[in-house]
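Asks: Data: start20.cif, mmCIF, C-alpha atoms.
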```
data_structure
loop_
_atom_site.label_atom_id
_atom_site.label_comp_id
_atom_site.auth_asym_id
_atom_site.auth_seq_id
_atom_site.Cartn_x
_atom_site.Cartn_y
_atom_site.Cartn_z
CA MET A 1 -9.43 19.25 34.14
CA SER A 2 -10.43 19.45 30.47
CA ASN A 3 -13.10 17.09 29.17
CA THR A 4 -11.47 17.06 25.73
CA PRO A 5 -10.72 13.48 24.61
CA ASN A 6 -7.06 12.55 24.44
CA PHE A 7 -6.53 11.47 20.83
CA PHE A 8 -3.80 8.99 19.94
CA PRO A 9 -1.61 10.44 17.15
CA MET A 10 -0.66 8.01 14.39
CA LEU A 11 -0.08 7.78 10.65
CA VAL A 12 -2.41 5.38 8.83
CA ARG A 13 -1.90 3.57 5.52
CA LEU A 14 -4.96 4.22 3.35
CA THR A 15 -3.76 2.52 0.17
CA ARG A 16 -6.71 0.58 -1.31
CA ARG A 17 -8.74 1.03 1.89
CA LYS A 18 -12.47 1.50 1.31
CA CYS A 19 -13.47 4.95 2.53
CA LEU A 20 -16.81 6.74 2.33
CA VAL A 21 -17.57 10.45 2.09
CA VAL A 22 -21.15 11.41 2.92
CA GLY A 23 -22.01 14.64 1.13
CA ALA A 24 -20.90 15.89 -2.27
CA GLY A 25 -20.38 19.61 -1.80
CA LYS A 26 -17.17 21.66 -1.75
CA ILE A 27 -16.00 20.46 1.67
CA ALA A 28 -16.74 16.87 0.71
CA ALA A 29 -14.75 17.38 -2.50
CA ASP A 30 -11.74 18.61 -0.51
CA LYS A 31 -11.95 15.61 1.83
CA THR A 32 -12.31 13.27 -1.13
CA ALA A 33 -9.23 14.73 -2.81
CA GLY A 34 -7.20 14.23 0.38
CA LEU A 35 -8.20 10.58 0.63
CA LEU A 36 -7.38 9.96 -3.03
CA ILE A 37 -3.90 11.47 -2.66
CA HIS A 38 -3.16 8.80 -0.08
CA GLY A 39 -4.39 5.93 -2.23
CA ALA A 40 -7.82 5.28 -0.70
CA LYS A 41 -10.69 3.73 -2.66
CA VAL A 42 -13.36 6.38 -2.24
CA GLU A 43 -17.12 6.29 -2.64
CA VAL A 44 -19.27 9.41 -2.27
CA VAL A 45 -22.94 9.52 -1.31
CA GLY A 46 -25.03 12.60 -2.06
CA PRO A 47 -28.05 13.48 -4.23
CA ARG A 48 -26.25 16.45 -5.80
CA ALA A 49 -22.55 17.04 -6.36
CA VAL A 50 -20.19 19.90 -7.19
CA GLY A 51 -18.28 19.77 -10.45
CA GLN A 52 -15.14 18.35 -8.84
CA ILE A 53 -17.00 15.29 -7.54
CA GLN A 54 -18.77 14.79 -10.88
CA GLU A 55 -15.47 14.99 -12.76
CA LEU A 56 -13.78 12.45 -10.47
CA ALA A 57 -16.73 10.11 -10.97
CA ARG A 58 -16.61 10.53 -14.79
CA LYS A 59 -12.90 9.67 -14.78
CA GLY A 60 -13.54 6.59 -12.67
CA LYS A 61 -11.42 7.80 -9.75
CA ILE A 62 -14.36 7.55 -7.32
CA VAL A 63 -17.81 6.00 -7.21
CA TRP A 64 -20.61 8.53 -6.72
CA HIS A 65 -23.96 7.26 -5.43
CA ARG A 66 -26.48 9.93 -6.44
CA ARG A 67 -28.85 9.51 -3.49
CA LYS A 68 -29.21 10.07 0.25
CA PHE A 69 -27.09 8.26 2.82
CA SER A 70 -28.16 4.84 4.05
CA PRO A 71 -26.59 2.93 6.98
CA ARG A 72 -25.97 0.11 4.50
CA ASP A 73 -23.36 2.39 2.90
CA LEU A 74 -21.13 1.70 5.91
CA ASP A 75 -20.68 -1.99 5.14
CA GLY A 76 -17.00 -2.82 4.68
CA ARG A 77 -15.76 0.76 5.22
CA PHE A 78 -12.43 1.48 6.84
CA LEU A 79 -13.36 5.05 7.71
CA VAL A 80 -16.07 7.59 6.94
CA VAL A 81 -16.18 11.36 6.56
CA ALA A 82 -19.54 13.04 7.18
CA ALA A 83 -19.31 16.26 5.17
CA THR A 84 -22.86 17.38 4.43
CA ASN A 85 -24.13 20.88 5.14
CA SER A 86 -26.45 19.49 7.82
CA SER A 87 -25.17 18.93 11.35
CA ILE A 88 -28.17 16.65 11.97
CA ILE A 89 -27.24 14.36 9.07
CA ASN A 90 -23.56 14.40 10.02
CA ARG A 91 -24.45 13.41 13.58
CA ALA A 92 -26.69 10.60 12.31
CA VAL A 93 -23.83 9.30 10.16
CA PHE A 94 -21.49 9.38 13.16
CA LEU A 95 -23.95 7.46 15.36
CA ALA A 96 -24.46 4.87 12.61
CA CYS A 97 -20.69 4.46 12.33
CA LYS A 98 -20.35 4.15 16.10
CA ALA A 99 -22.92 1.35 16.14
CA ARG A 100 -20.86 -0.55 13.56
CA GLY A 101 -17.40 0.20 14.92
CA VAL A 102 -16.40 2.32 11.91
CA LEU A 103 -14.18 5.36 12.40
CA CYS A 104 -15.93 8.62 11.51
CA ASN A 105 -15.08 12.30 11.17
CA ALA A 106 -18.03 14.68 11.23
CA VAL A 107 -16.70 17.90 9.70
CA ASP A 108 -16.60 20.90 12.06
CA ASP A 109 -18.16 18.86 14.87
CA PRO A 110 -15.38 17.71 17.26
CA ALA A 111 -17.84 16.01 19.61
CA HIS A 112 -18.76 13.60 16.81
CA CYS A 113 -15.31 12.71 15.56
CA ASP A 114 -13.23 9.58 16.06
CA PHE A 115 -10.31 11.25 14.28
CA PHE A 116 -9.27 14.70 13.10
CA TYR A 117 -7.58 16.00 9.99
CA PRO A 118 -4.37 17.64 11.23
CA ALA A 119 -2.62 20.59 9.65
CA VAL A 120 0.35 19.01 7.87
CA VAL A 121 3.78 20.18 6.77
CA ARG A 122 4.94 17.88 3.95
CA ARG A 123 8.53 17.66 2.81
CA GLY A 124 8.67 14.44 0.83
CA PRO A 125 8.83 11.55 3.31
CA LEU A 126 8.88 14.02 6.20
CA GLN A 127 5.43 14.84 7.56
CA ILE A 128 4.77 17.05 10.56
CA ALA A 129 1.16 16.90 11.74
CA ILE A 130 -0.32 19.55 14.04
CA SER A 131 -3.58 19.09 15.91
CA THR A 132 -5.42 20.99 18.63
CA ASN A 133 -7.94 18.16 19.16
CA GLY A 134 -10.47 20.24 17.25
CA GLN A 135 -10.15 23.21 19.62
CA SER A 136 -8.73 25.65 17.07
CA PRO A 137 -8.08 24.61 13.46
CA ALA A 138 -6.98 28.22 12.79
CA LEU A 139 -4.21 27.91 15.37
CA ALA A 140 -3.10 24.60 13.88
CA ALA A 141 -2.94 26.28 10.45
CA ARG A 142 -0.87 29.16 11.86
CA LEU A 143 1.59 26.74 13.43
CA ARG A 144 1.82 24.88 10.13
CA ARG A 145 2.78 28.09 8.30
CA GLU A 146 5.48 28.81 10.88
CA LEU A 147 6.89 25.29 10.61
CA GLU A 148 6.88 25.51 6.81
CA LYS A 149 9.34 28.39 7.13
CA GLN A 150 11.52 26.44 9.55
CA PHE A 151 11.51 23.23 7.51
CA GLY A 152 12.26 24.27 3.94
CA PRO A 153 12.28 22.18 0.74
CA GLU A 154 15.84 20.99 1.49
CA TRP A 155 14.42 18.70 4.16
CA ARG A 156 12.95 16.44 1.48
CA ASP A 157 16.40 15.56 0.13
CA TRP A 158 17.87 15.37 3.63
CA VAL A 159 15.35 12.84 4.91
CA GLU A 160 15.78 10.69 1.80
CA HIS A 161 19.56 10.89 2.25
CA VAL A 162 19.33 9.86 5.91
CA GLY A 163 17.04 6.99 4.96
CA LYS A 164 19.57 5.72 2.44
CA LEU A 165 22.42 5.92 4.98
CA ARG A 166 20.27 4.19 7.60
CA ARG A 167 19.58 1.26 5.28
CA GLU A 168 23.29 0.95 4.54
CA ILE A 169 24.12 0.91 8.25
CA LEU A 170 21.45 -1.70 9.00
CA ASP A 171 22.86 -3.93 6.26
CA LYS A 172 26.38 -3.88 7.77
CA ARG A 173 27.54 -6.20 10.51
CA MET A 174 28.38 -4.27 13.67
CA SER A 175 27.55 -4.24 17.37
CA ALA A 176 24.20 -2.84 18.52
CA LYS A 177 26.03 -0.07 20.38
CA THR A 178 28.01 0.97 17.30
CA ARG A 179 24.87 0.83 15.16
CA ARG A 180 22.96 3.12 17.54
CA LYS A 181 25.88 5.55 17.56
CA ARG A 182 26.08 5.65 13.77
CA LEU A 183 22.32 6.14 13.43
CA LEU A 184 22.43 9.08 15.85
CA GLU A 185 25.39 10.59 13.99
CA ILE A 186 23.71 10.62 10.57
CA ALA A 187 20.63 12.36 12.00
CA SER A 188 22.60 15.07 13.81
CA ALA A 189 22.19 18.79 13.19
CA GLY A 190 25.82 19.02 12.13
CA GLU A 191 25.31 16.41 9.40
CA PHE A 192 22.25 18.29 8.16
CA GLN A 193 24.20 21.56 7.95
CA GLU A 194 27.02 19.85 6.06
CA PHE A 195 24.55 18.21 3.68
CA THR A 196 22.81 21.49 2.88
CA ARG A 197 26.18 23.26 2.50
CA ARG A 198 27.35 20.69 -0.05
CA GLY A 199 24.03 20.96 -1.88
CA SER A 200 24.32 24.75 -2.02
CA LEU A 201 27.87 24.57 -3.34
CA GLN A 202 26.87 22.01 -5.93
CA LYS A 203 24.01 24.20 -7.15
CA ARG A 204 26.29 27.22 -7.38
CA GLY A 205 28.86 25.17 -9.26
CA THR A 206 26.26 23.89 -11.72
CA ALA A 207 24.90 27.39 -12.26
CA GLY A 208 28.42 28.72 -12.81
CA ALA A 209 29.19 26.02 -15.35
CA ALA A 210 25.96 26.79 -17.18
CA ARG A 211 26.84 30.48 -17.36
CA GLN A 212 30.27 29.66 -18.77
CA THR A 213 28.73 27.32 -21.36
CA THR A 214 26.21 29.87 -22.56
CA ARG A 215 28.58 32.85 -22.49
CA LEU A 216 29.13 34.19 -26.00
CA PRO A 217 32.70 34.87 -27.14
CA VAL A 218 33.74 38.52 -27.27
CA HIS A 219 35.39 39.58 -30.52
CA LYS A 220 37.69 42.57 -30.19
CA SER A 221 37.48 45.00 -33.07
CA LYS A 222 40.69 45.75 -34.96
CA ARG A 223 41.78 49.31 -34.96
#
```
Could you rewrite the structure in this file as structure tokens?

Replies:
Amino acid sequence: MSNTPNFFPMLVRLTRRKCLVVGAGKIAADKTAGLLIHGAKVEVVGPRAVGQIQELARKGKIVWHRRKFSPRDLDGRFLVVAATNSSIINRAVFLACKARGVLCNAVDDPAHCDFFYPAVVRRGPLQIAISTNGQSPALAARLRRELEKQFGPEWRDWVEHVGKLRREILDKRMSAKTRRKRLLEIASAGEFQEFTRRGSLQKRGTAGAARQTTRLPVHKSKR
């Protein structure tokens, strides 16, 4: 049997959560950007920083502590990313987090991670996360590219449409059996195909109308 830990997959709300990134290099900047996108309150610790970190600090989007990491930096943190260029420092950060019950990800060191960054396909509210439990990030990235082809941009509108219909169904009075049936119907493959077909026809119709509007009149010359 494999000794690889069995990670529990979940989506976490980071809005206004206090997160710490230890390190201020390029990898740390990428991790910081990802946390900010999801609404986290981010502080960065590192004696030197790349331009991206410095710019975020100047704009007030993060707090940058221009010094070395201290275990006191972990106070009140929801999660921590150890992203220095030293595996020794990253491991020390992980052990300090473990002692305080704070979740930690030590970059490129699966043995010292409480969570992983998955490869993600994003289509609006639809998110498909792929993880190999740190065994092969390259494989996860390849699977993401394949899924991006399978789930095109039209899935954004489809998921929002299904969500709207679901709310309407939940607001109506009906039996639990009927409600389950209706919810399954709106999420069916046939409904998706019909939705995309109507969207395609609508786009073609709009484009056709635009061409007719912009078409210049043809004046026949008199002979």

Asks: Between CA of Phe115 in chain A and CA of Ala49 in chain A, what distance in Å does the model show, to one decimal?

Replies: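 So the two atoms, CA of Phe115 in chain A and CA of Ala49 in chain A, lie 24.7 Å apart.
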
Asks: Evaluate the PyMOL selection byres ((chain A and resi 14-30) around 9) and record the selected residues as a compact mmCIF listing (two decimals) with C-alpha atoms, in the coordinates of the input, following the chain and residue labels used in the document.

Replies:
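out_2.txt written:
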```txt
# COMPACT_ATOMS: atom_id res chain seq x y z
CA VAL A 12 -2.41 5.38 8.83
CA ARG A 13 -1.90 3.57 5.52
CA LYS A 31 -11.95 15.61 1.83
CA THR A 32 -12.31 13.27 -1.13
CA ALA A 33 -9.23 14.73 -2.81
CA GLY A 34 -7.20 14.23 0.38
CA LEU A 35 -8.20 10.58 0.63
CA LEU A 36 -7.38 9.96 -3.03
CA HIS A 38 -3.16 8.80 -0.08
CA GLY A 39 -4.39 5.93 -2.23
CA ALA A 40 -7.82 5.28 -0.70
CA LYS A 41 -10.69 3.73 -2.66
CA VAL A 42 -13.36 6.38 -2.24
CA GLU A 43 -17.12 6.29 -2.64
CA VAL A 44 -19.27 9.41 -2.27
CA VAL A 45 -22.94 9.52 -1.31
CA GLY A 46 -25.03 12.60 -2.06
CA PRO A 47 -28.05 13.48 -4.23
CA ARG A 48 -26.25 16.45 -5.80
CA ALA A 49 -22.55 17.04 -6.36
CA VAL A 50 -20.19 19.90 -7.19
CA GLY A 51 -18.28 19.77 -10.45
CA GLN A 52 -15.14 18.35 -8.84
CA ILE A 53 -17.00 15.29 -7.54
CA GLN A 54 -18.77 14.79 -10.88
CA TRP A 64 -20.61 8.53 -6.72
CA LYS A 68 -29.21 10.07 0.25
CA PHE A 69 -27.09 8.26 2.82
CA ASP A 73 -23.36 2.39 2.90
CA LEU A 74 -21.13 1.70 5.91
CA GLY A 76 -17.00 -2.82 4.68
CA ARG A 77 -15.76 0.76 5.22
CA PHE A 78 -12.43 1.48 6.84
CA LEU A 79 -13.36 5.05 7.71
CA VAL A 80 -16.07 7.59 6.94
CA VAL A 81 -16.18 11.36 6.56
CA ALA A 82 -19.54 13.04 7.18
CA ALA A 83 -19.31 16.26 5.17
CA THR A 84 -22.86 17.38 4.43
CA ASN A 85 -24.13 20.88 5.14
CA ASN A 90 -23.56 14.40 10.02
CA VAL A 93 -23.83 9.30 10.16
CA VAL A 107 -16.70 17.90 9.70
```

Asks: Within 10 Å of range 131-143 of chain A, counting all atoms listed in the file, which residues qualify if same-chain residues fewer than 5 places away don't, as a list in words?

Replies: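 Final neighbour list, sorted by chain and number: Thr4, Pro5, Asn6, Phe7, Pro9, Asp108, Asp109, Pro110, Ala111, Cys113, Phe115, Phe116, Tyr117, Pro118, Ala119, Val120, Val121 and Glu148 of chain A.
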
Asks: Please write out, as AutoDock Vina command-line options, where the centre of an axis-aligned box around all listed atoms of range 81-90 of chain A lies and how long its edges are, in Å to one decimal, after adding 5 Å on each side.

Replies:
```
--center_x -22.2 --center_y 16.1 --center_z 8.2 --size_x 22.0 --size_y 19.5 --size_z 17.5
```

Asks: Could you check how far CA of Trp155 in chain A sits from CA of Asp171 in chain A, in Å to one decimal?

Replies: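 Going from CA of Trp155 in chain A over to CA of Asp171 in chain A covers 24.2 Å.
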
Asks: Figure out the distance between CA of Pro153 in chain A and CA of Arg123 in chain A, please, to one decimal in Å.

Replies: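 Between CA of Arg123 in chain A and CA of Pro153 in chain A the gap is 6.2 Å.
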
Asks: Of the candidates A:His65, A:Arg166, A:Lys59, A:Lys172, which one gets nearest to Leu184 in chain A if we count all atoms listed in the file?

Replies: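 Once distances to Leu184 in chain A are computed over all atoms listed in the file, the minimum belongs to A:Arg166.
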
Asks: Point out the residue among A:Leu126, A:Ile62, A:Val102, A:Ala187 with the least atom-to-atom distance to Glu154 in chain A, counting all atoms listed in the file.

Replies: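 The closest residue to Glu154 in chain A is A:Leu126.
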
Asks: Just checking: using only C-alpha atoms, which residue out of A:Ile169, A:Ile89, A:Leu56, A:Pro71 ends up closest to Glu185 in chain A?

Replies: A:Ile169

Asks: Using only C-alpha atoms, pick whichever of A:Phe94, A:Trp158, A:His112, A:Asp75 has the shortest atom-to-atom distance to Ala189 in chain A.

Replies: A:Trp158

Asks: Pick out the closest residue to Val159 in chain A from this set: A:Ser70, A:Ser175, A:Ser87, A:Gln127. Count only C-alpha atoms.

Replies: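 Selected residue with least distance to Val159 in chain A: A:Gln127.
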